[in-house]
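Q: Handing over work-v5.tsv, TSV, C-alpha atoms.
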chain	number	residue	atom	x	y	z
A	603	MET	CA	19.67	56.17	1.02
A	604	LEU	CA	18.70	59.70	0.07
A	605	VAL	CA	15.93	60.58	-2.33
A	606	PHE	CA	14.93	63.96	-3.70
A	607	LEU	CA	11.53	65.32	-2.80
A	608	ASN	CA	9.44	65.23	-5.94
A	609	VAL	CA	5.80	65.49	-4.92
A	610	PRO	CA	3.19	68.20	-5.48
A	611	SER	CA	3.19	70.72	-2.65
A	612	PRO	CA	0.77	73.49	-1.70
A	613	ILE	CA	3.60	75.45	-0.13
A	614	TYR	CA	5.86	76.66	-2.89
A	615	PRO	CA	4.04	78.27	-5.83
A	616	GLN	CA	5.53	78.25	-9.29
A	617	PRO	CA	7.12	81.56	-10.35
A	618	ASP	CA	4.18	82.58	-12.55
A	619	LYS	CA	1.79	81.99	-9.66
A	620	ILE	CA	3.50	83.98	-6.91
A	621	LEU	CA	1.69	87.24	-7.63
A	622	GLU	CA	-1.66	85.52	-7.28
A	623	HIS	CA	-1.13	84.94	-3.55
A	624	PRO	CA	-3.24	87.44	-1.57
A	625	HIS	CA	-0.65	88.45	1.02
A	626	ILE	CA	3.04	89.03	1.58
A	627	ARG	CA	4.98	85.92	2.54
A	628	THR	CA	6.06	85.99	6.19
A	629	PHE	CA	8.42	83.01	6.08
A	630	HIS	CA	11.59	81.74	4.42
A	631	ALA	CA	10.91	78.81	2.11
A	632	ARG	CA	13.52	76.07	2.41
A	633	HIS	CA	14.14	73.10	0.15
A	634	GLY	CA	16.32	70.09	0.79
A	635	ARG	CA	16.98	66.43	0.28
A	636	MET	CA	14.91	63.82	2.07
A	637	SER	CA	15.70	60.35	3.36
A	638	ALA	CA	13.59	57.35	2.45
A	639	ARG	CA	12.14	57.35	5.97
A	640	ARG	CA	11.04	60.95	5.65
A	641	GLU	CA	9.69	60.29	2.18
A	642	PHE	CA	7.50	57.58	3.75
A	643	ALA	CA	6.37	59.99	6.47
A	644	LEU	CA	5.51	62.59	3.82
A	645	THR	CA	3.51	60.33	1.55
A	646	THR	CA	1.98	57.93	4.09
A	647	LEU	CA	1.88	59.40	7.60
A	648	LEU	CA	1.43	63.15	7.20
A	649	PRO	CA	-1.73	62.91	5.04
A	650	ASN	CA	-3.49	61.26	8.00
A	651	PHE	CA	-3.16	64.52	9.96
A	652	GLU	CA	-3.62	67.15	7.27
A	653	ILE	CA	-6.65	69.45	7.57
A	654	SER	CA	-6.36	70.41	3.91
A	655	ARG	CA	-8.29	67.22	3.15
A	656	LEU	CA	-11.28	68.24	5.28
A	657	GLU	CA	-14.46	69.93	4.14
A	658	ARG	CA	-14.44	73.65	4.95
A	659	PRO	CA	-15.07	75.51	7.09
A	660	VAL	CA	-13.43	73.19	9.61
A	661	ASP	CA	-14.48	73.00	13.25
A	662	LEU	CA	-11.42	71.46	14.87
A	663	ARG	CA	-13.30	70.84	18.11
A	664	LYS	CA	-15.49	68.35	16.27
A	665	VAL	CA	-12.62	66.88	14.28
A	666	LEU	CA	-10.51	66.33	17.39
A	667	LYS	CA	-13.44	65.60	19.70
A	668	THR	CA	-12.37	68.20	22.24
A	669	TYR	CA	-13.64	71.44	23.75
A	670	ARG	CA	-10.33	73.27	23.49
A	671	VAL	CA	-8.06	73.82	20.50
A	672	ILE	CA	-4.60	75.40	20.40
A	673	VAL	CA	-2.83	76.39	17.20
A	674	ASP	CA	0.97	76.14	17.11
A	675	PHE	CA	1.50	78.70	14.36
A	676	GLY	CA	4.94	78.11	12.86
A	677	SER	CA	5.50	74.84	14.70
A	678	GLY	CA	9.13	74.37	13.62
A	679	MET	CA	10.46	70.96	14.60
A	680	GLY	CA	7.23	70.23	16.47
A	681	LEU	CA	8.55	70.11	20.04
A	682	HIS	CA	5.89	72.48	21.36
A	683	THR	CA	3.07	70.71	19.52
A	684	LEU	CA	4.13	67.30	20.81
A	685	ASN	CA	4.57	68.61	24.34
A	686	LEU	CA	1.09	70.14	24.36
A	687	ALA	CA	-0.60	67.09	22.84
A	688	THR	CA	1.20	64.57	25.06
A	689	ASN	CA	0.67	66.40	28.35
A	690	ASN	CA	-2.88	67.58	27.58
A	691	PRO	CA	-4.77	64.70	25.92
A	692	ASN	CA	-8.07	66.61	26.22
A	693	ILE	CA	-6.73	69.55	24.18
A	694	GLY	CA	-6.58	69.51	20.39
A	695	VAL	CA	-3.46	70.92	18.74
A	696	LEU	CA	-3.08	72.15	15.17
A	697	ALA	CA	0.56	72.41	14.01
A	698	ILE	CA	1.08	74.79	11.10
A	699	ASP	CA	4.33	75.19	9.21
A	700	VAL	CA	5.61	75.56	5.68
A	701	HIS	CA	8.75	73.57	6.34
A	702	THR	CA	8.47	69.86	5.74
A	703	VAL	CA	10.90	68.23	8.17
A	704	GLY	CA	9.30	69.47	11.38
A	705	LEU	CA	5.81	68.38	10.38
A	706	LEU	CA	7.16	64.98	9.40
A	707	ALA	CA	8.64	64.68	12.90
A	708	VAL	CA	5.21	65.53	14.33
A	709	ALA	CA	3.50	62.95	12.11
A	710	GLU	CA	6.04	60.26	13.02
A	711	ALA	CA	5.85	60.91	16.77
A	712	ALA	CA	2.05	61.20	16.76
A	713	SER	CA	1.77	57.94	14.82
A	714	ASP	CA	4.21	56.10	17.08
A	715	SER	CA	2.48	57.34	20.26
A	716	ASN	CA	-1.06	57.13	18.88
A	717	LEU	CA	-1.70	60.80	19.63
A	718	LEU	CA	-5.22	61.39	18.35
A	719	ASN	CA	-5.40	65.06	19.34
A	720	ILE	CA	-3.03	66.44	16.69
A	721	ARG	CA	-3.71	67.81	13.23
A	722	THR	CA	-1.36	69.59	10.83
A	723	HIS	CA	-1.30	72.05	7.97
A	724	HIS	CA	1.68	71.78	5.62
A	725	GLY	CA	1.48	75.25	4.13
A	726	ASP	CA	0.86	78.92	4.78
A	727	GLY	CA	-1.10	79.43	7.99
A	728	MET	CA	-2.57	82.69	6.71
A	729	ASP	CA	-4.78	80.66	4.39
A	730	VAL	CA	-6.09	78.66	7.35
A	731	LEU	CA	-6.95	81.72	9.41
A	732	LYS	CA	-8.48	83.56	6.50
A	733	ASP	CA	-11.36	81.23	5.68
A	734	TRP	CA	-10.65	77.58	6.49
A	735	LEU	CA	-11.98	77.53	10.06
A	736	VAL	CA	-15.34	78.06	11.71
A	737	ALA	CA	-15.20	81.43	13.48
A	738	GLN	CA	-14.67	81.53	17.24
A	739	THR	CA	-13.46	77.96	17.61
A	740	LEU	CA	-9.82	78.44	18.68
A	741	ASP	CA	-8.85	78.87	22.32
A	742	GLU	CA	-5.22	79.86	21.84
A	743	VAL	CA	-2.77	80.67	19.08
A	744	HIS	CA	0.88	80.22	20.04
A	745	ILE	CA	3.51	82.07	18.02
A	746	LEU	CA	6.97	81.06	19.22
A	747	PHE	CA	10.04	82.62	17.65
A	748	PRO	CA	8.61	83.55	14.23
A	749	ASP	CA	10.97	84.74	11.49
A	750	PRO	CA	12.14	88.15	12.79
A	751	TRP	CA	12.96	89.67	9.37
A	752	PRO	CA	15.51	91.96	11.08
A	753	LYS	CA	16.31	94.21	8.12
A	754	ALA	CA	14.13	97.34	8.08
A	755	ARG	CA	13.14	96.86	4.45
A	756	HIS	CA	11.76	93.42	5.34
A	757	HIS	CA	9.71	94.45	8.39
A	758	LYS	CA	6.55	94.37	6.28
A	759	ARG	CA	7.03	90.57	6.15
A	760	ARG	CA	6.77	90.13	9.89
A	761	LEU	CA	3.83	87.98	10.90
A	762	ILE	CA	2.38	90.28	13.55
A	763	ASN	CA	0.45	93.06	11.86
A	764	GLN	CA	-3.09	94.42	11.93
A	765	SER	CA	-4.39	92.12	9.20
A	766	PHE	CA	-3.06	89.02	10.96
A	767	LEU	CA	-4.44	90.10	14.33
A	768	GLN	CA	-7.88	90.64	12.83
A	769	MET	CA	-7.87	87.13	11.38
A	770	VAL	CA	-6.81	85.59	14.68
A	771	TRP	CA	-9.36	87.65	16.62
A	772	LYS	CA	-12.11	86.32	14.34
A	773	SER	CA	-10.98	82.73	14.95
A	774	LEU	CA	-10.63	82.95	18.75
A	775	VAL	CA	-13.41	82.15	21.20
A	776	PRO	CA	-14.38	84.98	23.58
A	777	GLY	CA	-11.54	85.24	26.07
A	778	GLY	CA	-9.19	83.30	23.79
A	779	ARG	CA	-5.63	84.46	23.56
A	780	ILE	CA	-2.45	84.76	21.53
A	781	ILE	CA	0.88	83.88	23.13
A	782	PHE	CA	3.81	85.54	21.37
A	783	VAL	CA	7.48	84.80	22.16
A	784	THR	CA	10.59	86.16	20.44
A	785	ASP	CA	14.25	86.88	21.10
A	786	ASP	CA	14.29	89.84	18.69
A	787	GLU	CA	13.79	92.97	20.81
A	788	THR	CA	12.83	95.26	17.92
A	789	TYR	CA	10.24	92.76	16.74
A	790	PHE	CA	8.81	92.46	20.23
A	791	ALA	CA	8.54	96.24	20.51
A	792	SER	CA	6.78	96.62	17.16
A	793	ALA	CA	4.49	93.64	17.83
A	794	SER	CA	3.51	95.11	21.20
A	795	GLU	CA	2.52	98.33	19.49
A	796	ASP	CA	0.47	96.39	16.93
A	797	PHE	CA	-1.39	94.54	19.67
A	798	LYS	CA	-2.14	97.79	21.49
A	799	ALA	CA	-3.18	99.61	18.33
A	800	SER	CA	-5.63	96.87	17.38
A	801	LYS	CA	-7.71	97.57	20.52
A	802	MET	CA	-8.96	94.00	20.25
A	803	PHE	CA	-6.85	92.46	23.02
A	804	ASP	CA	-5.91	92.93	26.66
A	805	ILE	CA	-2.12	92.64	26.89
A	806	ASP	CA	-0.25	90.92	29.70
A	807	TYR	CA	3.54	90.77	29.88
A	808	GLY	CA	5.20	88.00	31.80
A	809	ASN	CA	6.86	84.64	31.70
A	810	TRP	CA	5.09	81.38	30.94
A	811	ASP	CA	6.30	77.84	31.00
A	812	VAL	CA	7.15	77.67	27.30
A	813	PRO	CA	8.89	74.42	26.27
A	814	LEU	CA	12.45	74.88	25.09
A	815	THR	CA	12.04	74.64	21.34
A	816	THR	CA	15.01	74.57	18.99
A	817	TYR	CA	14.96	78.36	18.56
A	818	HIS	CA	14.46	78.94	22.27
A	819	GLN	CA	17.51	76.80	23.02
A	820	ARG	CA	19.48	78.76	20.44
A	821	ALA	CA	18.38	82.07	21.99
A	822	LYS	CA	19.52	80.94	25.42
A	823	ARG	CA	22.81	79.67	24.02
A	824	LEU	CA	23.43	83.07	22.40
A	825	ASN	CA	22.36	84.83	25.61
A	826	HIS	CA	19.53	86.64	23.85
A	827	LYS	CA	16.74	88.24	25.85
A	828	VAL	CA	13.53	86.25	25.38
A	829	SER	CA	10.36	88.37	25.57
A	830	GLN	CA	6.79	87.10	25.92
A	831	LEU	CA	3.28	88.49	25.93
A	832	SER	CA	-0.23	87.14	26.20
A	833	ALA	CA	-3.00	88.95	24.32
A	834	THR	CA	-6.52	88.07	25.42
A	835	LYS	CA	-9.44	88.70	23.08
A	836	ILE	CA	-11.72	91.46	24.28
Translate this structure into structure tokens?

A:
Amino acid sequence: MLVFLNVPSPIYPQPDKILEHPHIRTFHARHGRMSARREFALTTLLPNFEISRLERPVDLRKVLKTYRVIVDFGSGMGLHTLNLATNNPNIGVLAIDVHTVGLLAVAEAASDSNLLNIRTHHGDGMDVLKDWLVAQTLDEVHILFPDPWPKARHHKRRLINQSFLQMVWKSLVPGGRIIFVTDDETYFASASEDFKASKMFDIDYGNWDVPLTTYHQRAKRLNHKVSQLSATKI
């Protein structure tokens, strides 16, 4: 049986509220139908993981009872989050995404496997980085295959820019890092320049053992070049 999603959401503002948001949207909002199982995950399971219910500012190390926290920024279908949390039980993982289905998959898998080191944010991650977290409490922020916004007139919507890097820098512990992966060569070039221009990070180019997410699999299938960098907080 299919049901239509009809619950309040922090993600999609009403038309008369859009201009009130303090920054340019960096993602494509998607709507769709939802099965009864997913409706249950949305209303019953996902709230157990949501940081929006916590008193701010949030120290995820205390919430997750761990010394290390990784943010999966734009977690997609949740494969990377689940891989990190399953293989590293002593690391806390925050999955952030505006799209519902992937976070529901995370909530379902985490509930089934009793993964206690996962939290989620069903909404715009910019809000989280801006003022939701205690400063200098994140060890890593992983950004895997963000929306490339390939048209030149849309480049201003790309996630990696000076404002974003400043927010991440504030949230990272000394020596913390950003891992950025994309199959869009122009985006990688512009992002590299942004990292260098910020003068807040040491940049290292190379290959890491990044799990094959849905977009990574698609990139390989299309024979796209996948580029990666690690930016360590100075």

Q: Write out as a tab-separated table the residues of range 626-715 of chain A that have any atom within 8 Å of an atom of range 815-821 of chain A, one row each with the nearest atom pair and its distance in Å to one decimal, counting all atoms listed in the file, sorted by chain and then rising number.

A:
residue	atom	partner	partner_atom	distance
A:Gly678	CA	A:Thr816	CA	8.0
A:Met679	CA	A:Thr816	CA	7.3
A:Leu681	CA	A:Thr815	CA	5.9
A:His682	CA	A:Thr815	CA	6.5

Q: May I ask for the distance between CA of Leu686 in chain A and CA of Ala791 in chain A, given in Å to one decimal place?

A: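 CA of Ala791 in chain A lies at a distance of 27.4 Å from CA of Leu686 in chain A.
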
Q: For Leu831 in chain A, which residue out of A:His701, A:His744, A:Arg755, A:Lys801 is the nearest one, using all atoms listed in the file?

A: A:His744

Q: Please determine, counting only C-alpha atoms, which residue among A:Gln738, A:Ser792, A:Asn690, A:Ser765 has the shortest atom-to-atom distance to Arg663 in chain A.

A: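 The closest residue to Arg663 in chain A is A:Gln738.
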
Q: So, with all atoms listed in the file as the atoms that count, which of A:Glu787, A:Glu795, A:Glu657, A:Asp726 lies closest to Thr702 in chain A?

A: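 For Thr702 in chain A, the nearest of the given residues is A:Asp726.
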
Q: For CA of Val665 in chain A and CA of Ala712 in chain A, determine how far apart the two atoms are, in Å to one decimal place.

A: 15.9 Å

Q: As a PyMOL selection string, please: the residues near Val743 in chain A (cut-off 10 Å, only C-alpha atoms, same-chain neighbours under 6 positions excluded).

A: chain A and resi 671-675+695-696+770-771+773-774+778-782+832-833

Q: Please produce a file of those selected residues containing C-alpha atoms, as a short mmCIF file (atom, residue, chain, number, x, y, z; two decimals), in the frame of the given file.

A:
data_model
loop_
_atom_site.label_atom_id
_atom_site.label_comp_id
_atom_site.auth_asym_id
_atom_site.auth_seq_id
_atom_site.Cartn_x
_atom_site.Cartn_y
_atom_site.Cartn_z
CA VAL A 671 -8.06 73.82 20.50
CA ILE A 672 -4.60 75.40 20.40
CA VAL A 673 -2.83 76.39 17.20
CA ASP A 674 0.97 76.14 17.11
CA PHE A 675 1.50 78.70 14.36
CA VAL A 695 -3.46 70.92 18.74
CA LEU A 696 -3.08 72.15 15.17
CA VAL A 770 -6.81 85.59 14.68
CA TRP A 771 -9.36 87.65 16.62
CA SER A 773 -10.98 82.73 14.95
CA LEU A 774 -10.63 82.95 18.75
CA GLY A 778 -9.19 83.30 23.79
CA ARG A 779 -5.63 84.46 23.56
CA ILE A 780 -2.45 84.76 21.53
CA ILE A 781 0.88 83.88 23.13
CA PHE A 782 3.81 85.54 21.37
CA SER A 832 -0.23 87.14 26.20
CA ALA A 833 -3.00 88.95 24.32
#

Q: What is the distance between CA of Lys732 in chain A and CA of Ile762 in chain A, in Å to one decimal?

A: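 Interatomic distance here is 14.6 Å.
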
Q: Which is closer to His723 in chain A than all the others in A:Pro750, A:Gly676, A:Gly777, A:Gly808, using only C-alpha atoms?

A: A:Gly676

Q: Restricting the calculation to all atoms listed in the file: of A:Thr788, A:Leu731, A:Ala793, A:Val775, which residue gets closest to Thr834 in chain A?

A: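 For Thr834 in chain A, the nearest of the candidates is A:Val775.
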
Q: Which of these residues is nearest to Ser713 in chain A, using only C-alpha atoms: A:Leu684, A:Leu746, A:Val812, A:Val736?

A: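 Result for the nearest residue to Ser713 in chain A: A:Leu684.
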
Q: Could you give me, as a list of chain:residue names, the residues within 12 Å of Leu656 in chain A, counting all atoms listed in the file and dropping anything in the same chain fewer than 5 positions from it?

A: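 My list of contacting residues is A:Pro649, A:Asn650, A:Phe651, A:Asp661, A:Leu662, A:Lys664, A:Val665, A:Arg721, A:Thr722, A:His723, A:Val730, A:Trp734, A:Leu735.
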
Q: Edge lengths and centre in Å to one decimal, as JSON, is what I'm after for the box along x, y and z that holds all listed atoms of range 749-757 of chain A once 8 Å is added on each side.

A:
{"center_x": 13.0, "center_y": 91.0, "center_z": 8.6, "size_x": 22.6, "size_y": 28.6, "size_z": 24.3}

Q: Missing atoms in range 639-666 of chain A: can you complete it with N, CA and C atoms, as a compact mmCIF listing (two decimals), in the frame of the given file?

A:
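Done, and the output landed in out-v2.txt:
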# COMPACT_ATOMS: atom_id res chain seq x y z
N ARG A 639 13.05 57.38 4.83
CA ARG A 639 12.14 57.35 5.97
C ARG A 639 11.24 58.58 5.97
N ARG A 640 11.84 59.73 5.69
CA ARG A 640 11.04 60.95 5.65
C ARG A 640 10.11 60.97 4.44
N GLU A 641 10.56 60.40 3.35
CA GLU A 641 9.69 60.29 2.18
C GLU A 641 8.44 59.47 2.53
N PHE A 642 8.63 58.40 3.31
CA PHE A 642 7.50 57.58 3.75
C PHE A 642 6.59 58.40 4.66
N ALA A 643 7.18 59.17 5.57
CA ALA A 643 6.37 59.99 6.47
C ALA A 643 5.57 61.03 5.69
N LEU A 644 6.18 61.57 4.64
CA LEU A 644 5.51 62.59 3.82
C LEU A 644 4.33 62.02 3.05
N THR A 645 4.54 60.87 2.44
CA THR A 645 3.51 60.33 1.55
C THR A 645 2.48 59.44 2.25
N THR A 646 2.86 58.89 3.42
CA THR A 646 1.98 57.93 4.09
C THR A 646 1.45 58.42 5.43
N LEU A 647 2.31 59.02 6.26
CA LEU A 647 1.88 59.40 7.60
C LEU A 647 1.24 60.78 7.65
N LEU A 648 1.92 61.77 7.09
CA LEU A 648 1.43 63.15 7.20
C LEU A 648 0.01 63.34 6.66
N PRO A 649 -0.36 62.72 5.54
CA PRO A 649 -1.73 62.91 5.04
C PRO A 649 -2.82 62.53 6.05
N ASN A 650 -2.50 61.64 6.99
CA ASN A 650 -3.49 61.26 8.00
C ASN A 650 -3.83 62.40 8.96
N PHE A 651 -2.97 63.41 9.02
CA PHE A 651 -3.16 64.52 9.96
C PHE A 651 -3.55 65.82 9.29
N GLU A 652 -3.45 65.89 7.99
CA GLU A 652 -3.62 67.15 7.27
C GLU A 652 -5.07 67.63 7.23
N ILE A 653 -5.29 68.90 7.62
CA ILE A 653 -6.65 69.45 7.57
C ILE A 653 -7.01 69.92 6.17
N SER A 654 -6.05 69.98 5.27
CA SER A 654 -6.36 70.41 3.91
C SER A 654 -7.30 69.45 3.21
N ARG A 655 -7.43 68.24 3.74
CA ARG A 655 -8.29 67.22 3.15
C ARG A 655 -9.72 67.30 3.67
N LEU A 656 -9.97 68.17 4.65
CA LEU A 656 -11.28 68.24 5.28
C LEU A 656 -12.19 69.24 4.58
N GLU A 657 -13.48 69.00 4.69
CA GLU A 657 -14.46 69.93 4.14
C GLU A 657 -14.45 71.22 4.96
N ARG A 658 -14.51 72.35 4.28
CA ARG A 658 -14.44 73.65 4.95
C ARG A 658 -15.81 74.32 4.99
N PRO A 659 -16.00 75.18 6.02
CA PRO A 659 -15.07 75.51 7.09
C PRO A 659 -14.94 74.39 8.12
N VAL A 660 -13.77 74.29 8.70
CA VAL A 660 -13.43 73.19 9.61
C VAL A 660 -13.67 73.63 11.05
N ASP A 661 -14.35 72.80 11.80
CA ASP A 661 -14.48 73.00 13.25
C ASP A 661 -13.58 71.96 13.91
N LEU A 662 -12.41 72.39 14.33
CA LEU A 662 -11.42 71.46 14.87
C LEU A 662 -11.88 70.82 16.17
N ARG A 663 -12.79 71.45 16.87
CA ARG A 663 -13.30 70.84 18.11
C ARG A 663 -14.04 69.55 17.78
N LYS A 664 -14.77 69.56 16.68
CA LYS A 664 -15.49 68.35 16.27
C LYS A 664 -14.54 67.32 15.68
N VAL A 665 -13.58 67.79 14.90
CA VAL A 665 -12.62 66.88 14.28
C VAL A 665 -11.80 66.15 15.33
N LEU A 666 -11.38 66.89 16.36
CA LEU A 666 -10.51 66.33 17.39
C LEU A 666 -11.27 65.86 18.62
